[in-house]
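Asker: The following file, upload.csv, comprises CSV, C-alpha atoms and all ligand atoms:
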```csv
chain,number,residue,atom,x,y,z
A,15,MET,CA,-33.0,169.5,80.0
A,16,GLY,CA,-31.5,166.2,81.1
A,17,GLU,CA,-28.5,165.9,83.5
A,18,VAL,CA,-28.0,168.8,85.8
A,19,ASP,CA,-25.4,171.1,84.3
A,20,PRO,CA,-23.2,172.7,86.9
A,21,ALA,CA,-24.6,176.1,85.8
A,22,PHE,CA,-27.8,175.2,87.6
A,23,ILE,CA,-26.3,174.1,90.9
A,24,GLN,CA,-27.0,176.4,93.8
A,25,ASP,CA,-24.4,177.2,96.5
A,26,PRO,CA,-25.0,174.9,99.5
A,27,GLU,CA,-26.5,177.7,101.6
A,28,HIS,CA,-29.2,178.4,99.0
A,29,ARG,CA,-30.1,174.8,98.2
A,30,PRO,CA,-33.8,173.9,99.0
A,31,LYS,CA,-34.6,171.7,101.9
A,32,LEU,CA,-36.7,168.7,100.8
A,33,SER,CA,-38.6,168.8,104.1
A,34,ILE,CA,-41.2,171.5,103.5
A,35,ILE,CA,-42.7,173.8,106.0
A,36,GLU,CA,-46.3,174.5,105.3
A,37,ALA,CA,-47.5,175.6,108.7
A,38,GLU,CA,-48.8,179.1,109.2
A,39,GLY,CA,-49.2,179.9,105.5
A,40,ILE,CA,-49.6,183.3,104.0
A,41,PRO,CA,-52.9,185.1,104.7
A,42,SER,CA,-55.9,184.3,102.5
A,43,ILE,CA,-58.2,187.2,101.8
A,44,ASP,CA,-61.8,187.0,100.5
A,45,LEU,CA,-62.4,189.8,98.1
A,46,SER,CA,-66.1,189.4,97.7
A,47,PRO,CA,-67.0,192.7,99.4
A,48,VAL,CA,-64.9,194.4,96.7
A,49,THR,CA,-65.8,192.2,93.7
A,50,LEU,CA,-69.5,192.3,94.4
A,51,GLN,CA,-69.6,196.1,95.0
A,52,ASP,CA,-71.4,196.7,91.6
A,53,PHE,CA,-74.4,194.9,93.0
A,54,ILE,CA,-74.6,195.8,96.7
A,55,SER,CA,-72.5,198.2,98.6
A,56,TYR,CA,-70.7,196.9,101.6
A,57,PRO,CA,-68.7,199.9,103.0
A,58,LYS,CA,-68.0,198.2,106.3
A,59,SER,CA,-66.6,195.0,104.9
A,60,ILE,CA,-64.5,196.8,102.3
A,61,GLU,CA,-62.8,198.5,105.3
A,62,GLY,CA,-62.2,195.0,106.7
A,63,VAL,CA,-60.6,193.9,103.5
A,64,VAL,CA,-58.4,197.0,103.4
A,65,ARG,CA,-57.2,196.2,106.9
A,66,GLU,CA,-56.5,192.6,106.1
A,67,ILE,CA,-54.5,193.6,103.0
A,68,GLY,CA,-52.5,196.2,105.0
A,69,ASN,CA,-51.6,193.6,107.7
A,70,ALA,CA,-50.7,191.0,105.1
A,71,CYS,CA,-48.4,193.5,103.2
A,72,LYS,CA,-46.7,194.5,106.5
A,73,GLU,CA,-46.3,191.1,108.0
A,74,TRP,CA,-45.7,188.8,104.9
A,75,GLY,CA,-45.4,190.9,101.8
A,76,PHE,CA,-47.5,188.0,100.3
A,77,PHE,CA,-51.2,187.0,100.4
A,78,GLN,CA,-53.7,184.9,98.5
A,79,VAL,CA,-57.0,186.2,97.3
A,80,ILE,CA,-60.2,184.3,96.7
A,81,ASN,CA,-63.5,185.5,95.1
A,82,HIS,CA,-61.2,187.8,93.1
A,83,GLY,CA,-63.5,188.2,90.0
A,84,VAL,CA,-61.2,186.7,87.4
A,85,PRO,CA,-63.4,184.1,85.5
A,86,LEU,CA,-62.0,180.6,85.9
A,87,GLU,CA,-62.5,179.7,82.3
A,88,LYS,CA,-60.1,182.5,81.2
A,89,LEU,CA,-57.4,181.0,83.4
A,90,GLN,CA,-58.1,177.5,82.2
A,91,ARG,CA,-57.9,178.6,78.6
A,92,ILE,CA,-54.5,180.3,79.0
A,93,GLN,CA,-53.2,177.3,81.0
A,94,ALA,CA,-54.2,174.9,78.3
A,95,ALA,CA,-52.6,177.0,75.6
A,96,ALA,CA,-49.4,177.3,77.7
A,97,ARG,CA,-49.1,173.6,77.9
A,98,LYS,CA,-49.4,173.2,74.2
A,99,LEU,CA,-46.8,175.9,73.6
A,100,PHE,CA,-44.2,174.4,75.8
A,101,ALA,CA,-44.8,170.9,74.4
A,102,GLN,CA,-43.5,172.2,71.0
A,103,PRO,CA,-40.1,171.2,69.8
A,104,LEU,CA,-37.3,173.5,71.0
A,105,GLU,CA,-36.4,174.6,67.5
A,106,ASP,CA,-40.0,175.9,67.0
A,107,LYS,CA,-40.0,177.7,70.4
A,108,ARG,CA,-36.7,179.3,69.6
A,109,LYS,CA,-38.2,180.9,66.5
A,110,ILE,CA,-39.8,183.4,68.9
A,111,ARG,CA,-36.9,183.6,71.2
A,112,ARG,CA,-36.2,186.9,73.0
A,113,ASP,CA,-32.9,188.6,72.3
A,114,GLU,CA,-30.9,191.6,73.4
A,115,ARG,CA,-33.2,193.9,71.5
A,116,ASN,CA,-36.6,192.4,72.4
A,117,ALA,CA,-37.3,191.2,75.9
A,118,LEU,CA,-40.6,189.5,74.8
A,119,GLY,CA,-41.0,185.9,73.5
A,120,TYR,CA,-39.6,182.5,74.5
A,121,PHE,CA,-36.5,182.1,76.7
A,122,ASP,CA,-34.9,179.0,78.2
A,123,THR,CA,-31.6,180.3,79.6
A,124,GLU,CA,-32.6,182.7,82.3
A,125,SER,CA,-30.4,183.1,85.4
A,126,THR,CA,-31.1,184.5,88.8
A,127,LYS,CA,-28.1,185.8,90.7
A,128,ASN,CA,-25.9,184.2,88.0
A,129,ILE,CA,-27.2,180.7,88.6
A,130,ARG,CA,-29.4,179.1,85.8
A,131,ASP,CA,-33.1,178.7,86.6
A,132,TRP,CA,-34.6,175.2,85.8
A,133,LYS,CA,-37.4,176.6,83.7
A,134,GLU,CA,-38.5,177.9,80.3
A,135,VAL,CA,-40.7,181.0,79.9
A,136,PHE,CA,-42.8,182.9,77.4
A,137,ASP,CA,-43.2,186.6,78.0
A,138,PHE,CA,-45.6,189.1,76.5
A,139,SER,CA,-46.8,192.6,77.4
A,140,MET,CA,-50.3,194.1,77.9
A,141,GLU,CA,-50.0,196.2,74.8
A,142,ASP,CA,-48.5,194.7,71.7
A,143,THR,CA,-45.5,197.0,72.0
A,144,THR,CA,-43.9,198.5,75.1
A,145,LEU,CA,-41.8,201.6,75.1
A,146,VAL,CA,-38.6,201.3,77.1
A,147,PRO,CA,-35.3,203.1,77.4
A,148,ALA,CA,-32.8,201.9,74.8
A,149,SER,CA,-30.1,201.5,77.4
A,150,PRO,CA,-29.5,201.6,81.2
A,151,ASP,CA,-27.2,204.7,80.7
A,152,PRO,CA,-28.9,207.6,82.6
A,153,GLU,CA,-27.7,210.1,80.0
A,154,ASP,CA,-29.1,208.1,77.0
A,155,LYS,CA,-32.6,209.5,76.2
A,156,GLU,CA,-33.2,207.1,73.3
A,157,GLU,CA,-36.2,204.9,73.5
A,158,ALA,CA,-36.7,201.4,72.1
A,159,THR,CA,-39.8,199.1,71.7
A,160,TRP,CA,-40.4,195.6,72.8
A,161,THR,CA,-42.9,193.7,70.6
A,162,ASN,CA,-44.9,190.7,71.4
A,163,GLN,CA,-43.9,187.6,69.4
A,164,TRP,CA,-46.7,185.1,69.0
A,165,PRO,CA,-46.0,181.6,68.0
A,166,GLU,CA,-47.8,179.9,65.1
A,167,TYR,CA,-48.8,177.1,67.4
A,168,PRO,CA,-51.1,176.9,69.3
A,169,PRO,CA,-53.1,179.5,67.3
A,170,GLU,CA,-55.4,180.3,70.2
A,171,LEU,CA,-52.6,181.3,72.5
A,172,ARG,CA,-52.7,185.0,71.6
A,173,GLU,CA,-56.4,185.5,72.2
A,174,ALA,CA,-56.2,183.4,75.4
A,175,CYS,CA,-53.4,185.6,76.7
A,176,GLU,CA,-55.1,188.8,75.7
A,177,GLU,CA,-58.4,187.9,77.3
A,178,TYR,CA,-56.8,186.6,80.4
A,179,THR,CA,-54.7,189.7,81.0
A,180,GLN,CA,-57.6,192.0,80.6
A,181,GLU,CA,-59.3,190.3,83.5
A,182,VAL,CA,-56.2,190.1,85.7
A,183,GLU,CA,-55.5,193.8,85.1
A,184,LYS,CA,-58.9,194.6,86.6
A,185,LEU,CA,-57.9,192.6,89.7
A,186,ALA,CA,-54.5,194.3,89.8
A,187,LEU,CA,-56.1,197.7,89.7
A,188,LYS,CA,-58.5,196.8,92.5
A,189,LEU,CA,-55.6,195.6,94.6
A,190,LEU,CA,-53.6,198.7,93.9
A,191,GLY,CA,-56.5,200.8,95.2
A,192,LEU,CA,-56.9,198.7,98.3
A,193,ILE,CA,-53.2,198.8,99.0
A,194,ALA,CA,-53.3,202.6,98.6
A,195,ARG,CA,-56.2,202.9,101.0
A,196,SER,CA,-54.4,200.6,103.5
A,197,LEU,CA,-51.6,203.2,103.5
A,198,GLY,CA,-54.1,206.0,104.2
A,199,LEU,CA,-53.9,207.3,100.6
A,200,PRO,CA,-56.7,207.9,98.1
A,201,GLU,CA,-57.7,204.8,96.3
A,202,ASN,CA,-56.5,206.1,92.9
A,203,ARG,CA,-53.2,207.4,94.3
A,204,PHE,CA,-51.0,205.2,92.1
A,205,ASN,CA,-53.2,204.8,89.0
A,206,SER,CA,-51.6,207.6,86.9
A,207,TYR,CA,-48.3,205.8,86.9
A,208,PHE,CA,-49.9,202.9,84.9
A,209,LYS,CA,-51.2,205.0,82.0
A,210,ASP,CA,-48.4,203.7,79.7
A,211,GLN,CA,-47.8,200.7,81.8
A,212,SER,CA,-44.9,198.3,81.2
A,213,THR,CA,-46.7,195.3,82.6
A,214,ARG,CA,-45.4,192.0,81.5
A,215,ILE,CA,-47.0,188.6,81.8
A,216,ARG,CA,-45.0,185.4,81.9
A,217,LEU,CA,-45.9,181.8,81.2
A,218,ASN,CA,-43.5,179.7,83.3
A,219,HIS,CA,-42.8,176.0,82.7
A,220,TYR,CA,-40.7,174.1,85.2
A,221,PRO,CA,-39.9,170.7,83.8
A,222,PRO,CA,-39.1,167.8,86.1
A,223,CYS,CA,-35.6,168.0,87.4
A,224,PRO,CA,-33.3,165.0,88.2
A,225,SER,CA,-31.7,166.9,91.2
A,226,PRO,CA,-34.4,169.0,92.9
A,227,GLN,CA,-32.1,169.3,95.9
A,228,LEU,CA,-29.4,171.1,94.0
A,229,ALA,CA,-31.3,173.4,91.5
A,230,LEU,CA,-34.1,175.8,91.7
A,231,GLY,CA,-36.9,176.7,89.2
A,232,VAL,CA,-36.2,180.3,90.1
A,233,GLY,CA,-33.5,181.3,92.5
A,234,ARG,CA,-34.3,183.6,95.5
A,235,HIS,CA,-35.3,187.0,94.3
A,236,LYS,CA,-37.6,189.9,94.9
A,237,ASP,CA,-39.9,191.2,92.1
A,238,GLY,CA,-38.8,194.5,90.9
A,239,GLY,CA,-42.2,196.0,89.9
A,240,ALA,CA,-45.1,197.3,91.8
A,241,LEU,CA,-47.3,194.2,92.3
A,242,THR,CA,-47.4,190.6,91.1
A,243,VAL,CA,-50.5,188.6,90.6
A,244,LEU,CA,-49.6,184.9,90.3
A,245,ALA,CA,-51.6,181.9,89.2
A,246,GLN,CA,-49.9,178.6,90.2
A,247,ASP,CA,-51.2,175.1,89.3
A,248,GLU,CA,-51.8,172.3,91.8
A,249,VAL,CA,-48.2,171.0,91.9
A,250,GLY,CA,-46.8,173.7,94.2
A,251,GLY,CA,-43.2,174.8,94.6
A,252,LEU,CA,-43.3,178.5,95.4
A,253,GLU,CA,-41.6,179.3,98.7
A,254,VAL,CA,-41.7,182.7,100.5
A,255,LYS,CA,-39.1,183.8,103.0
A,256,ARG,CA,-41.0,184.4,106.3
A,257,LYS,CA,-40.2,187.8,107.7
A,258,THR,CA,-40.3,186.8,111.3
A,259,ASP,CA,-37.5,184.2,111.2
A,260,GLY,CA,-36.2,184.0,107.6
A,261,GLU,CA,-37.5,180.5,107.2
A,262,TRP,CA,-38.6,179.4,103.7
A,263,ILE,CA,-42.4,178.7,103.7
A,264,ARG,CA,-44.2,176.8,100.9
A,265,VAL,CA,-47.2,178.5,99.4
A,266,LYS,CA,-49.8,175.7,99.3
A,267,PRO,CA,-51.7,175.7,96.1
A,268,THR,CA,-55.4,176.8,96.6
A,269,PRO,CA,-57.7,176.1,93.7
A,270,ASN,CA,-58.7,179.2,91.9
A,271,ALA,CA,-56.8,181.6,94.2
A,272,TYR,CA,-54.3,184.2,93.1
A,273,ILE,CA,-51.1,184.8,95.0
A,274,ILE,CA,-50.3,188.5,95.4
A,275,ASN,CA,-47.0,190.0,96.4
A,276,VAL,CA,-45.7,193.6,96.7
A,277,GLY,CA,-42.7,194.3,94.6
A,278,ASP,CA,-39.7,196.7,95.1
A,279,ILE,CA,-41.6,199.7,93.7
A,280,MET,CA,-44.3,199.4,96.3
A,281,GLN,CA,-41.6,199.1,99.0
A,282,VAL,CA,-40.2,202.4,97.8
A,283,TRP,CA,-43.6,204.1,97.3
A,284,SER,CA,-44.6,203.1,100.9
A,285,ASN,CA,-41.1,204.1,102.2
A,286,ASP,CA,-40.5,200.6,103.6
A,287,ARG,CA,-44.0,200.2,105.3
A,288,TYR,CA,-44.5,197.3,102.9
A,289,GLU,CA,-41.4,195.4,102.1
A,290,SER,CA,-40.9,193.3,99.0
A,291,VAL,CA,-40.2,189.8,100.2
A,292,GLU,CA,-37.8,187.2,98.8
A,293,HIS,CA,-39.2,184.1,97.2
A,294,ARG,CA,-38.0,181.2,95.1
A,295,VAL,CA,-39.4,178.1,93.3
A,296,MET,CA,-38.5,174.5,94.0
A,297,VAL,CA,-38.7,171.9,91.3
A,298,ASP,CA,-39.8,168.3,91.5
A,299,SER,CA,-38.2,165.1,90.2
A,300,ASP,CA,-41.3,163.8,88.6
A,301,LYS,CA,-43.8,166.5,88.2
A,302,GLU,CA,-43.7,169.5,85.8
A,303,ARG,CA,-45.2,172.7,87.0
A,304,PHE,CA,-46.8,175.7,85.3
A,305,SER,CA,-47.4,179.2,86.7
A,306,ILE,CA,-48.4,182.6,85.3
A,307,PRO,CA,-47.2,185.8,87.0
A,308,PHE,CA,-48.6,189.1,85.9
A,309,PHE,CA,-46.0,191.7,86.7
A,310,PHE,CA,-47.9,195.0,87.2
A,311,ASN,CA,-45.4,197.7,86.3
A,312,PRO,CA,-45.7,201.4,85.7
A,313,ALA,CA,-44.7,203.4,82.7
A,314,HIS,CA,-40.9,203.2,82.0
A,315,TYR,CA,-40.5,207.0,82.5
A,316,THR,CA,-41.9,206.7,86.1
A,317,LEU,CA,-39.6,208.2,88.6
A,318,VAL,CA,-39.9,205.9,91.6
A,319,LYS,CA,-39.7,207.6,95.1
A,320,PRO,CA,-41.5,207.5,98.4
A,321,VAL,CA,-44.9,209.2,98.1
A,322,GLU,CA,-44.9,212.6,99.7
A,323,GLU,CA,-47.9,212.0,101.9
A,324,LEU,CA,-46.0,209.3,103.8
A,325,ILE,CA,-42.9,211.3,104.5
A,326,ASP,CA,-42.3,214.0,107.1
A,327,GLU,CA,-39.7,214.9,109.7
A,328,GLN,CA,-40.2,211.8,111.7
A,329,ASN,CA,-40.3,209.6,108.6
A,330,PRO,CA,-37.8,211.0,106.1
A,331,ALA,CA,-37.6,209.5,102.6
A,332,LYS,CA,-35.5,206.3,102.7
A,333,TYR,CA,-34.8,206.3,98.9
A,334,ARG,CA,-33.6,208.7,96.3
A,335,PRO,CA,-35.7,208.8,93.1
A,336,TYR,CA,-34.8,206.3,90.4
A,337,SER,CA,-36.1,205.7,86.9
A,338,TRP,CA,-38.1,202.4,86.6
A,339,GLY,CA,-37.2,202.0,83.0
A,340,LYS,CA,-33.5,202.4,83.6
A,341,PHE,CA,-33.7,199.9,86.5
A,342,MET,CA,-35.5,197.4,84.4
A,343,THR,CA,-33.2,197.6,81.4
A,344,HIS,CA,-30.2,197.3,83.7
A,345,ARG,CA,-31.6,194.1,85.2
A,346,ARG,CA,-32.4,192.7,81.8
A,347,LEU,CA,-28.9,193.2,80.3
A,348,SER,CA,-27.5,191.0,83.0
A,349,ASN,CA,-29.2,188.0,81.3
A,350,PHE,CA,-27.0,188.5,78.3
A,351,LYS,CA,-23.8,189.7,79.9
A,352,LYS,CA,-22.8,187.8,83.0
A,353,LEU,CA,-22.1,190.3,85.6
A,354,GLY,CA,-19.5,189.5,88.2
A,355,VAL,CA,-21.5,191.3,90.9
A,356,ASP,CA,-25.0,191.1,92.1
A,357,ASN,CA,-27.6,192.7,89.9
A,358,ILE,CA,-29.0,196.2,90.5
A,359,GLN,CA,-31.2,196.4,93.6
A,360,ILE,CA,-33.4,199.1,95.2
A,361,TYR,CA,-30.9,199.0,98.0
A,362,ASP,CA,-28.6,200.9,95.6
A,363,PHE,CA,-30.9,203.9,96.0
A,364,ARG,CA,-31.2,203.9,99.7
A,365,LEU,CA,-30.4,207.1,101.5
A,401,LIG,C1,-41.3,184.9,89.2
A,401,LIG,C2,-41.8,184.0,90.3
A,401,LIG,C3,-43.1,182.2,91.0
A,401,LIG,C4,-43.7,180.9,90.5
A,401,LIG,O1,-41.4,184.5,88.0
A,401,LIG,O2,-40.8,186.0,89.5
A,401,LIG,O3,-41.5,184.3,91.4
A,401,LIG,O4,-44.4,180.3,91.3
A,401,LIG,N1,-42.5,182.9,90.0
A,401,LIG,O5,-43.5,180.6,89.3
A,402,NI,NI,-40.9,186.4,91.5
```
Please render this file's structure as structure tokens.

Answerer:
Amino acid sequence: MGEVDPAFIQDPEHRPKLSIIEAEGIPSIDLSPVTLQDFISYPKSIEGVVREIGNACKEWGFFQVINHGVPLEKLQRIQAAARKLFAQPLEDKRKIRRDERNALGYFDTESTKNIRDWKEVFDFSMEDTTLVPASPDPEDKEEATWTNQWPEYPPELREACEEYTQEVEKLALKLLGLIARSLGLPENRFNSYFKDQSTRIRLNHYPPCPSPQLALGVGRHKDGGALTVLAQDEVGGLEVKRKTDGEWIRVKPTPNAYIINVGDIMQVWSNDRYESVEHRVMVDSDKERFSIPFFFNPAHYTLVKPVEELIDEQNPAKYRPYSWGKFMTHRRLSNFKKLGVDNIQIYDFRL
């Protein structure tokens, strides 16, 4: 990636401002009452955490967690392996490139809303294979599998990824339970949807960009899944659209914290109580940046709809049911076939 190709250039209204707003950041929530619960029980303070999470989901759609229970050495190990992977020659990385049939592997030509993102990624799934619909066509019942593609180098990448994701999954499940409780639902209300989960983990590398005022690492978007658990490094660049005024707010890197955001599925499950919020990534002219999102996604055959306990005559369902797998495959295809229109959105299922 040298000169900025016109394919990367954002429309003027979406270009990042180089003056950054960091005031009034997203809430930071201390999970110790939850992560220490094996040793001592703190019923009172767990209630406090549930309330904080509920407020953060309502007001921001984003929050950070500290004392989250993911061992720092697991994060450091995957970060070091990611650095080594992306430092490989392009021709080696392209040996494990994802394609139309397999969404997992290396990719350097992703677009968001038809503008190229200034990044390269490596995707893998929790299980070595993920079952997905073969096509977005609602009538087509055929299934396909996505398979993890591990590079030869660095050899420790696979184990680092597997060990890291086991730990982050525990955190994601805790958060799912806390979010359920904050909605007045039983803690395990959403768990069954994750039995054959389609969770995907991404290693992101944002190289330095000669024109950070014209391009974005990832263009504005919402995450389509249930919940995202993101590790960012010390460089910073993630911006969240503040709900109160639509201003883009930089998420300041906090050492050993995870950034959590609710995705579109949680928006639908909660019948709009918790909205999935737009975010984007700025790039830097000198510094490269690495991040690792864990996209916590249910089984592909999950029919997503507002949970029954949250709807009644005063609060009718705002969405009709849709298939998560079909939604996901539809989104994915747009990376290979440039669509003239905006990609599929949950808005398309609004009643
Ligand atoms: C994403 C994303 C944020 C980041 O990959 O969906 O929003 O900081 N990434 O890399
Ligand atoms: Ni995102």

Asker: Counting all atoms listed in the file, which residues of chain A fall within 8 Å of ligand NI 402 (chain A), and what is the closest atom pair for each with its distance in Å at one decimal, ordered by chain and rising number, as a Markdown table?

Answerer:
```
| residue | atom | partner | partner_atom | distance |
| --- | --- | --- | --- | --- |
| A:Val232 | CA | A:NI402 | NI | 7.8 |
| A:His235 | CA | A:NI402 | NI | 6.3 |
| A:Lys236 | CA | A:NI402 | NI | 5.9 |
| A:Asp237 | CA | A:NI402 | NI | 4.9 |
| A:Thr242 | CA | A:NI402 | NI | 7.7 |
| A:Glu292 | CA | A:NI402 | NI | 8.0 |
| A:His293 | CA | A:NI402 | NI | 6.4 |
| A:Arg294 | CA | A:NI402 | NI | 7.0 |
| A:Pro307 | CA | A:NI402 | NI | 7.8 |
```

Asker: I'd like the interatomic distance between atom CA of A:Glu73 and atom CA of A:Arg195, to a tenth of an Å.

Answerer: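 So the two atoms, atom CA of A:Glu73 and atom CA of A:Arg195, lie 16.9 Å apart.
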
Asker: Could you list, as a PDB file with C-alpha atoms, in the frame of the given file, all protein and nucleic acid residues with an atom at most 9 Å from ligand LIG 401 (chain A), counting all atoms listed in the file?

Answerer:
```pdb
ATOM      1  CA  VAL A 135     -40.700 181.000  79.900  1.00  0.00           C
ATOM      2  CA  ARG A 216     -45.000 185.400  81.900  1.00  0.00           C
ATOM      3  CA  LEU A 217     -45.900 181.800  81.200  1.00  0.00           C
ATOM      4  CA  ASN A 218     -43.500 179.700  83.300  1.00  0.00           C
ATOM      5  CA  HIS A 219     -42.800 176.000  82.700  1.00  0.00           C
ATOM      6  CA  TYR A 220     -40.700 174.100  85.200  1.00  0.00           C
ATOM      7  CA  GLY A 231     -36.900 176.700  89.200  1.00  0.00           C
ATOM      8  CA  VAL A 232     -36.200 180.300  90.100  1.00  0.00           C
ATOM      9  CA  GLY A 233     -33.500 181.300  92.500  1.00  0.00           C
ATOM     10  CA  ARG A 234     -34.300 183.600  95.500  1.00  0.00           C
ATOM     11  CA  HIS A 235     -35.300 187.000  94.300  1.00  0.00           C
ATOM     12  CA  LYS A 236     -37.600 189.900  94.900  1.00  0.00           C
ATOM     13  CA  ASP A 237     -39.900 191.200  92.100  1.00  0.00           C
ATOM     14  CA  GLY A 238     -38.800 194.500  90.900  1.00  0.00           C
ATOM     15  CA  THR A 242     -47.400 190.600  91.100  1.00  0.00           C
ATOM     16  CA  LEU A 244     -49.600 184.900  90.300  1.00  0.00           C
ATOM     17  CA  ALA A 245     -51.600 181.900  89.200  1.00  0.00           C
ATOM     18  CA  GLN A 246     -49.900 178.600  90.200  1.00  0.00           C
ATOM     19  CA  ASP A 247     -51.200 175.100  89.300  1.00  0.00           C
ATOM     20  CA  GLY A 250     -46.800 173.700  94.200  1.00  0.00           C
ATOM     21  CA  GLY A 251     -43.200 174.800  94.600  1.00  0.00           C
ATOM     22  CA  LEU A 252     -43.300 178.500  95.400  1.00  0.00           C
ATOM     23  CA  GLU A 253     -41.600 179.300  98.700  1.00  0.00           C
ATOM     24  CA  VAL A 265     -47.200 178.500  99.400  1.00  0.00           C
ATOM     25  CA  ILE A 273     -51.100 184.800  95.000  1.00  0.00           C
ATOM     26  CA  GLU A 292     -37.800 187.200  98.800  1.00  0.00           C
ATOM     27  CA  HIS A 293     -39.200 184.100  97.200  1.00  0.00           C
ATOM     28  CA  ARG A 294     -38.000 181.200  95.100  1.00  0.00           C
ATOM     29  CA  VAL A 295     -39.400 178.100  93.300  1.00  0.00           C
ATOM     30  CA  MET A 296     -38.500 174.500  94.000  1.00  0.00           C
ATOM     31  CA  ARG A 303     -45.200 172.700  87.000  1.00  0.00           C
ATOM     32  CA  PHE A 304     -46.800 175.700  85.300  1.00  0.00           C
ATOM     33  CA  SER A 305     -47.400 179.200  86.700  1.00  0.00           C
ATOM     34  CA  ILE A 306     -48.400 182.600  85.300  1.00  0.00           C
ATOM     35  CA  PRO A 307     -47.200 185.800  87.000  1.00  0.00           C
ATOM     36  CA  PHE A 308     -48.600 189.100  85.900  1.00  0.00           C
ATOM     37  CA  PHE A 309     -46.000 191.700  86.700  1.00  0.00           C
TER      38      PHE A 309
END
```

Asker: Report, in Å with one decimal, the straight-line distance from atom CA of A:Ala313 to atom CA of A:Phe204.

Answerer: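 Between atom CA of A:Ala313 and atom CA of A:Phe204 the gap works out to 11.5 Å.
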
Asker: Measure the distance from atom CA of A:Phe341 to atom CA of A:Ile358 in Å and round it to one decimal.

Answerer: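 Atom CA of A:Ile358 lies 7.2 Å from atom CA of A:Phe341.
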
Asker: Within 9 Å of A:His314, counting only C-alpha atoms, which residues qualify if same-chain residues fewer than 2 places away don't, as a ChimeraX atom specification?

Answerer: /A:144-147,210-212,311-312,316-317,337-340,342
